[in-house]
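Quick look at run12.pdb (PDB, C-alpha atoms):
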```pdb
ATOM      1  CA  LYS A   1      -8.644  -0.611  -3.861
ATOM      2  CA  ILE A   2      -8.021  -2.851  -6.822
ATOM      3  CA  ILE A   3     -11.190  -2.721  -8.878
ATOM      4  CA  ASN A   4     -10.422  -5.408 -11.466
ATOM      5  CA  LYS A   5      -7.920  -7.925 -10.099
ATOM      6  CA  ASN A   6      -8.054 -10.187 -13.158
ATOM      7  CA  ASP A   7      -7.163  -7.338 -15.493
ATOM      8  CA  LEU A   8      -4.382  -6.056 -13.262
ATOM      9  CA  SER A   9      -2.930  -9.543 -12.866
ATOM     10  CA  LYS A  10      -2.432  -9.700 -16.630
ATOM     11  CA  ARG A  11      -0.815  -6.250 -16.831
ATOM     12  CA  ILE A  12       1.854  -6.471 -14.088
ATOM     13  CA  LYS A  13       5.156  -5.595 -15.760
ATOM     14  CA  SER A  14       7.399  -4.738 -12.812
ATOM     15  CA  LYS A  15       7.585  -5.720  -9.184
ATOM     16  CA  THR A  16       8.804  -2.573  -7.485
ATOM     17  CA  ASN A  17       8.683  -2.569  -3.693
ATOM     18  CA  ILE A  18       5.507  -0.887  -2.474
ATOM     19  CA  LEU A  19       4.580   0.968   0.696
ATOM     20  CA  MET A  20       0.905   1.351   1.577
ATOM     21  CA  ILE A  21      -0.257   3.535   4.461
ATOM     22  CA  HIS A  22      -3.834   3.871   5.627
ATOM     23  CA  GLY A  23      -5.768   5.276   8.552
ATOM     24  CA  ASP A  24      -7.804   2.828  10.592
ATOM     25  CA  SER A  25     -10.598   5.398  11.018
ATOM     26  CA  ASP A  26     -10.889   6.501   7.375
ATOM     27  CA  PRO A  27     -14.594   7.158   6.685
ATOM     28  CA  ILE A  28     -14.060   7.549   2.916
ATOM     29  CA  VAL A  29     -11.857   4.582   1.956
ATOM     30  CA  PRO A  30     -12.469   1.495   4.115
ATOM     31  CA  PRO A  31      -9.293   0.328   5.905
ATOM     32  CA  ASN A  32      -9.892  -3.279   4.811
ATOM     33  CA  ASN A  33      -8.974  -2.155   1.264
ATOM     34  CA  LEU A  34      -5.345  -1.999   2.425
ATOM     35  CA  LEU A  35      -5.443  -5.614   3.618
ATOM     36  CA  ASP A  36      -7.152  -6.824   0.449
ATOM     37  CA  THR A  37      -4.626  -5.042  -1.762
ATOM     38  CA  LYS A  38      -1.712  -6.314   0.327
ATOM     39  CA  ASP A  39      -2.977  -9.869  -0.139
ATOM     40  CA  PHE A  40      -3.207  -9.349  -3.918
ATOM     41  CA  LEU A  41       0.348  -7.991  -4.102
ATOM     42  CA  ILE A  42       1.807 -10.794  -1.987
ATOM     43  CA  ARG A  43       0.081 -13.398  -4.172
ATOM     44  CA  HIS A  44       1.807 -11.791  -7.167
ATOM     45  CA  LYS A  45       5.194 -11.904  -5.437
ATOM     46  CA  ILE A  46       5.450  -8.144  -5.006
ATOM     47  CA  ASN A  47       7.208  -6.920  -1.867
ATOM     48  CA  VAL A  48       4.848  -4.748   0.117
ATOM     49  CA  GLU A  49       5.146  -2.931   3.420
ATOM     50  CA  THR A  50       2.041  -1.648   5.162
ATOM     51  CA  LEU A  51       1.259   0.691   7.996
ATOM     52  CA  MET A  52      -2.192   1.081   9.507
ATOM     53  CA  ILE A  53      -2.193   4.310  11.503
ATOM     54  CA  LYS A  54      -4.373   4.315  14.609
ATOM     55  CA  ASN A  55      -7.014   7.021  15.027
ATOM     56  CA  CYS A  56      -6.280   8.407  11.558
ATOM     57  CA  GLU A  57      -9.028   9.436   9.181
ATOM     58  CA  HIS A  58      -8.684  10.455   5.506
ATOM     59  CA  HIS A  59      -5.551  12.611   5.679
ATOM     60  CA  ILE A  60      -1.769  12.264   5.703
ATOM     61  CA  PRO A  61      -0.358  12.601   9.221
ATOM     62  CA  LEU A  62       3.251  13.438  10.003
ATOM     63  CA  GLU A  63       3.885   9.803  10.994
ATOM     64  CA  ALA A  64       3.023   8.680   7.453
ATOM     65  CA  SER A  65       5.403  11.213   5.925
ATOM     66  CA  SER A  66       8.276   9.979   8.085
ATOM     67  CA  VAL A  67       7.595   6.332   7.251
ATOM     68  CA  ALA A  68       7.365   7.143   3.543
ATOM     69  CA  LEU A  69      10.642   9.076   3.570
ATOM     70  CA  ASN A  70      12.434   6.198   5.286
ATOM     71  CA  PHE A  71      10.946   3.738   2.782
ATOM     72  CA  ILE A  72      12.228   5.848  -0.112
ATOM     73  CA  LYS A  73      15.688   6.080   1.434
ATOM     74  CA  ARG A  74      15.859   2.292   1.925
ATOM     75  CA  ASN A  75      14.555   1.383  -1.521
ATOM     76  CA  PHE A  76      15.965   3.993  -3.871
ATOM     77  CA  ASN A  77      19.722   4.466  -3.681
ATOM     78  CA  ASN A  78      21.366   7.487  -5.277
TER
END
```
Now that the file is in, can you turn its structure into structure tokens?
Amino acid sequence: KIINKNDLSKRIKSKTNILMIHGDSDPIVPPNNLLDTKDFLIRHKINVETLMIKNCEHHIPLEASSVALNFIKRNFNN
């Protein structure tokens, strides 16, 4: 969640591609935070990929690890 959007808007210095993954059943961090943050990033012309994992609570499932690894491989060349 972005707590202070005005402050962050002023401090953006780079526009690195971002991957956000969230569980749709997370009881601790509401899933709509992902959508709100994605909207903020898009409005600031930052490339963002998202994945909402079905039936996932507040943990990192294997699916998320695989998606993250593929994102890293695509975005960070050796």
Using only C-alpha atoms, can you tell me which of A:Ser9, A:Asn75, A:Ser14, A:Asn70 comes closest to Arg43 (chain A)?
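The answer is A:Ser9, which sits nearest to Arg43 (chain A).
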Length of the CA of Ala64 (chain A) to CA of Asp24 (chain A) vector [Å]
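Value for the CA of Ala64 (chain A)-CA of Asp24 (chain A) distance: 12.7 Å.
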Given the PyMOL selection byres ((chain A and resi 38) around 12), the residues it picks as number ranges by chain:
A: 1-2, 17-22, 31-37, 39-52
Centre, x/y/z edge lengths, axis-aligned box for region 35-44 of chain A with 6 Å per side, as AutoDock Vina command-line options:
```
--center_x -2.7 --center_y -9.2 --center_z -1.8 --size_x 21.0 --size_y 20.4 --size_z 22.8
```
For Glu57 (chain A), list every protein, DNA or RNA residue within 9 Å, evaluated using only C-alpha atoms, and leave out those in the same chain fewer than 6 positions away; present the list as a ChimeraX atom specification.
/A:22-28
Provide the CA of Lys73 (chain A) to CA of Ile12 (chain A) distance in Å, to one decimal place.
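Here the two named atoms are 24.3 Å from each other.
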Would you compute the distance between CA of Ile60 (chain A) and CA of Val29 (chain A)? Give it in Å to one decimal.
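Taking CA of Ile60 (chain A) as the start and CA of Val29 (chain A) as the end point, the length is 13.2 Å.
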Place all heavy atoms on region 38-49 of chain A and deliver the coordinates as a JSON list (two decimals), in the coordinates of the input.
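Wrote it out as result-v8.json, contents follow:
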```
[["chain", "number", "residue", "atom", "x", "y", "z"],
["A", 38, "LYS", "N", -2.95, -5.66, -0.12],
["A", 38, "LYS", "CA", -1.71, -6.31, 0.33],
["A", 38, "LYS", "C", -1.73, -7.79, -0.04],
["A", 38, "LYS", "O", -0.74, -8.33, -0.55],
["A", 38, "LYS", "CB", -1.55, -6.14, 1.84],
["A", 38, "LYS", "CG", -0.31, -6.81, 2.39],
["A", 38, "LYS", "CD", -0.21, -6.61, 3.90],
["A", 38, "LYS", "CE", 1.05, -7.27, 4.43],
["A", 38, "LYS", "NZ", 1.19, -7.06, 5.88],
["A", 39, "ASP", "N", -2.85, -8.45, 0.20],
["A", 39, "ASP", "CA", -2.98, -9.87, -0.14],
["A", 39, "ASP", "C", -2.76, -10.09, -1.64],
["A", 39, "ASP", "O", -2.05, -10.99, -2.05],
["A", 39, "ASP", "CB", -4.36, -10.38, 0.29],
["A", 39, "ASP", "CG", -4.56, -11.83, -0.06],
["A", 39, "ASP", "OD1", -3.85, -12.68, 0.52],
["A", 39, "ASP", "OD2", -5.44, -12.13, -0.90],
["A", 40, "PHE", "N", -3.36, -9.25, -2.46],
["A", 40, "PHE", "CA", -3.21, -9.35, -3.92],
["A", 40, "PHE", "C", -1.73, -9.22, -4.30],
["A", 40, "PHE", "O", -1.22, -10.02, -5.10],
["A", 40, "PHE", "CB", -4.03, -8.26, -4.60],
["A", 40, "PHE", "CG", -3.81, -8.18, -6.09],
["A", 40, "PHE", "CD1", -4.54, -8.98, -6.95],
["A", 40, "PHE", "CD2", -2.88, -7.31, -6.61],
["A", 40, "PHE", "CE1", -4.34, -8.92, -8.33],
["A", 40, "PHE", "CE2", -2.66, -7.24, -7.98],
["A", 40, "PHE", "CZ", -3.39, -8.05, -8.84],
["A", 41, "LEU", "N", -1.06, -8.22, -3.75],
["A", 41, "LEU", "CA", 0.35, -7.99, -4.10],
["A", 41, "LEU", "C", 1.24, -9.16, -3.67],
["A", 41, "LEU", "O", 2.10, -9.60, -4.43],
["A", 41, "LEU", "CB", 0.83, -6.68, -3.48],
["A", 41, "LEU", "CG", 0.14, -5.42, -4.01],
["A", 41, "LEU", "CD1", 0.52, -4.22, -3.16],
["A", 41, "LEU", "CD2", 0.46, -5.18, -5.47],
["A", 42, "ILE", "N", 1.02, -9.66, -2.48],
["A", 42, "ILE", "CA", 1.81, -10.79, -1.99],
["A", 42, "ILE", "C", 1.60, -12.01, -2.88],
["A", 42, "ILE", "O", 2.55, -12.72, -3.22],
["A", 42, "ILE", "CB", 1.46, -11.10, -0.52],
["A", 42, "ILE", "CG1", 2.00, -9.99, 0.38],
["A", 42, "ILE", "CG2", 2.01, -12.46, -0.10],
["A", 42, "ILE", "CD1", 1.51, -10.07, 1.81],
["A", 43, "ARG", "N", 0.37, -12.25, -3.29],
["A", 43, "ARG", "CA", 0.08, -13.40, -4.17],
["A", 43, "ARG", "C", 0.78, -13.27, -5.52],
["A", 43, "ARG", "O", 1.01, -14.26, -6.20],
["A", 43, "ARG", "CB", -1.42, -13.55, -4.36],
["A", 43, "ARG", "CG", -2.13, -14.05, -3.12],
["A", 43, "ARG", "CD", -3.64, -14.08, -3.33],
["A", 43, "ARG", "NE", -4.32, -14.37, -2.11],
["A", 43, "ARG", "CZ", -4.63, -15.59, -1.69],
["A", 43, "ARG", "NH1", -4.30, -16.64, -2.43],
["A", 43, "ARG", "NH2", -5.26, -15.78, -0.56],
["A", 44, "HIS", "N", 1.10, -12.03, -5.91],
["A", 44, "HIS", "CA", 1.81, -11.79, -7.17],
["A", 44, "HIS", "C", 3.30, -11.55, -6.95],
["A", 44, "HIS", "O", 3.99, -10.99, -7.80],
["A", 44, "HIS", "CB", 1.15, -10.63, -7.91],
["A", 44, "HIS", "CG", -0.16, -11.02, -8.51],
["A", 44, "HIS", "ND1", -1.33, -11.03, -7.77],
["A", 44, "HIS", "CD2", -0.49, -11.46, -9.74],
["A", 44, "HIS", "CE1", -2.31, -11.45, -8.54],
["A", 44, "HIS", "NE2", -1.83, -11.72, -9.73],
["A", 45, "LYS", "N", 3.76, -11.96, -5.77],
["A", 45, "LYS", "CA", 5.19, -11.90, -5.44],
["A", 45, "LYS", "C", 5.78, -10.49, -5.53],
["A", 45, "LYS", "O", 6.91, -10.30, -6.00],
["A", 45, "LYS", "CB", 5.98, -12.89, -6.29],
["A", 45, "LYS", "CG", 5.53, -14.33, -6.05],
["A", 45, "LYS", "CD", 6.34, -15.32, -6.81],
["A", 45, "LYS", "CE", 6.00, -16.75, -6.59],
["A", 45, "LYS", "NZ", 4.81, -17.19, -6.00],
["A", 46, "ILE", "N", 5.00, -9.53, -5.07],
["A", 46, "ILE", "CA", 5.45, -8.14, -5.01],
["A", 46, "ILE", "C", 5.69, -7.82, -3.54],
["A", 46, "ILE", "O", 4.82, -8.05, -2.69],
["A", 46, "ILE", "CB", 4.40, -7.19, -5.62],
["A", 46, "ILE", "CG1", 4.23, -7.52, -7.11],
["A", 46, "ILE", "CG2", 4.80, -5.74, -5.41],
["A", 46, "ILE", "CD1", 3.08, -6.80, -7.78],
["A", 47, "ASN", "N", 6.89, -7.30, -3.25],
["A", 47, "ASN", "CA", 7.21, -6.92, -1.87],
["A", 47, "ASN", "C", 6.38, -5.71, -1.46],
["A", 47, "ASN", "O", 6.38, -4.69, -2.16],
["A", 47, "ASN", "CB", 8.69, -6.59, -1.72],
["A", 47, "ASN", "CG", 9.56, -7.82, -1.91],
["A", 47, "ASN", "OD1", 9.18, -8.91, -1.53],
["A", 47, "ASN", "ND2", 10.71, -7.63, -2.50],
["A", 48, "VAL", "N", 5.70, -5.84, -0.34],
["A", 48, "VAL", "CA", 4.85, -4.75, 0.12],
["A", 48, "VAL", "C", 5.01, -4.56, 1.62],
["A", 48, "VAL", "O", 5.08, -5.53, 2.37],
["A", 48, "VAL", "CB", 3.36, -5.00, -0.26],
["A", 48, "VAL", "CG1", 2.85, -6.29, 0.34],
["A", 48, "VAL", "CG2", 2.49, -3.84, 0.15],
["A", 49, "GLU", "N", 5.14, -3.31, 2.01],
["A", 49, "GLU", "CA", 5.15, -2.93, 3.42],
["A", 49, "GLU", "C", 3.86, -2.16, 3.67],
["A", 49, "GLU", "O", 3.42, -1.39, 2.81],
["A", 49, "GLU", "CB", 6.34, -2.04, 3.75],
["A", 49, "GLU", "CG", 7.67, -2.73, 3.66],
["A", 49, "GLU", "CD", 8.81, -1.79, 4.00],
["A", 49, "GLU", "OE1", 8.65, -0.91, 4.88],
["A", 49, "GLU", "OE2", 9.87, -1.92, 3.37]]
```
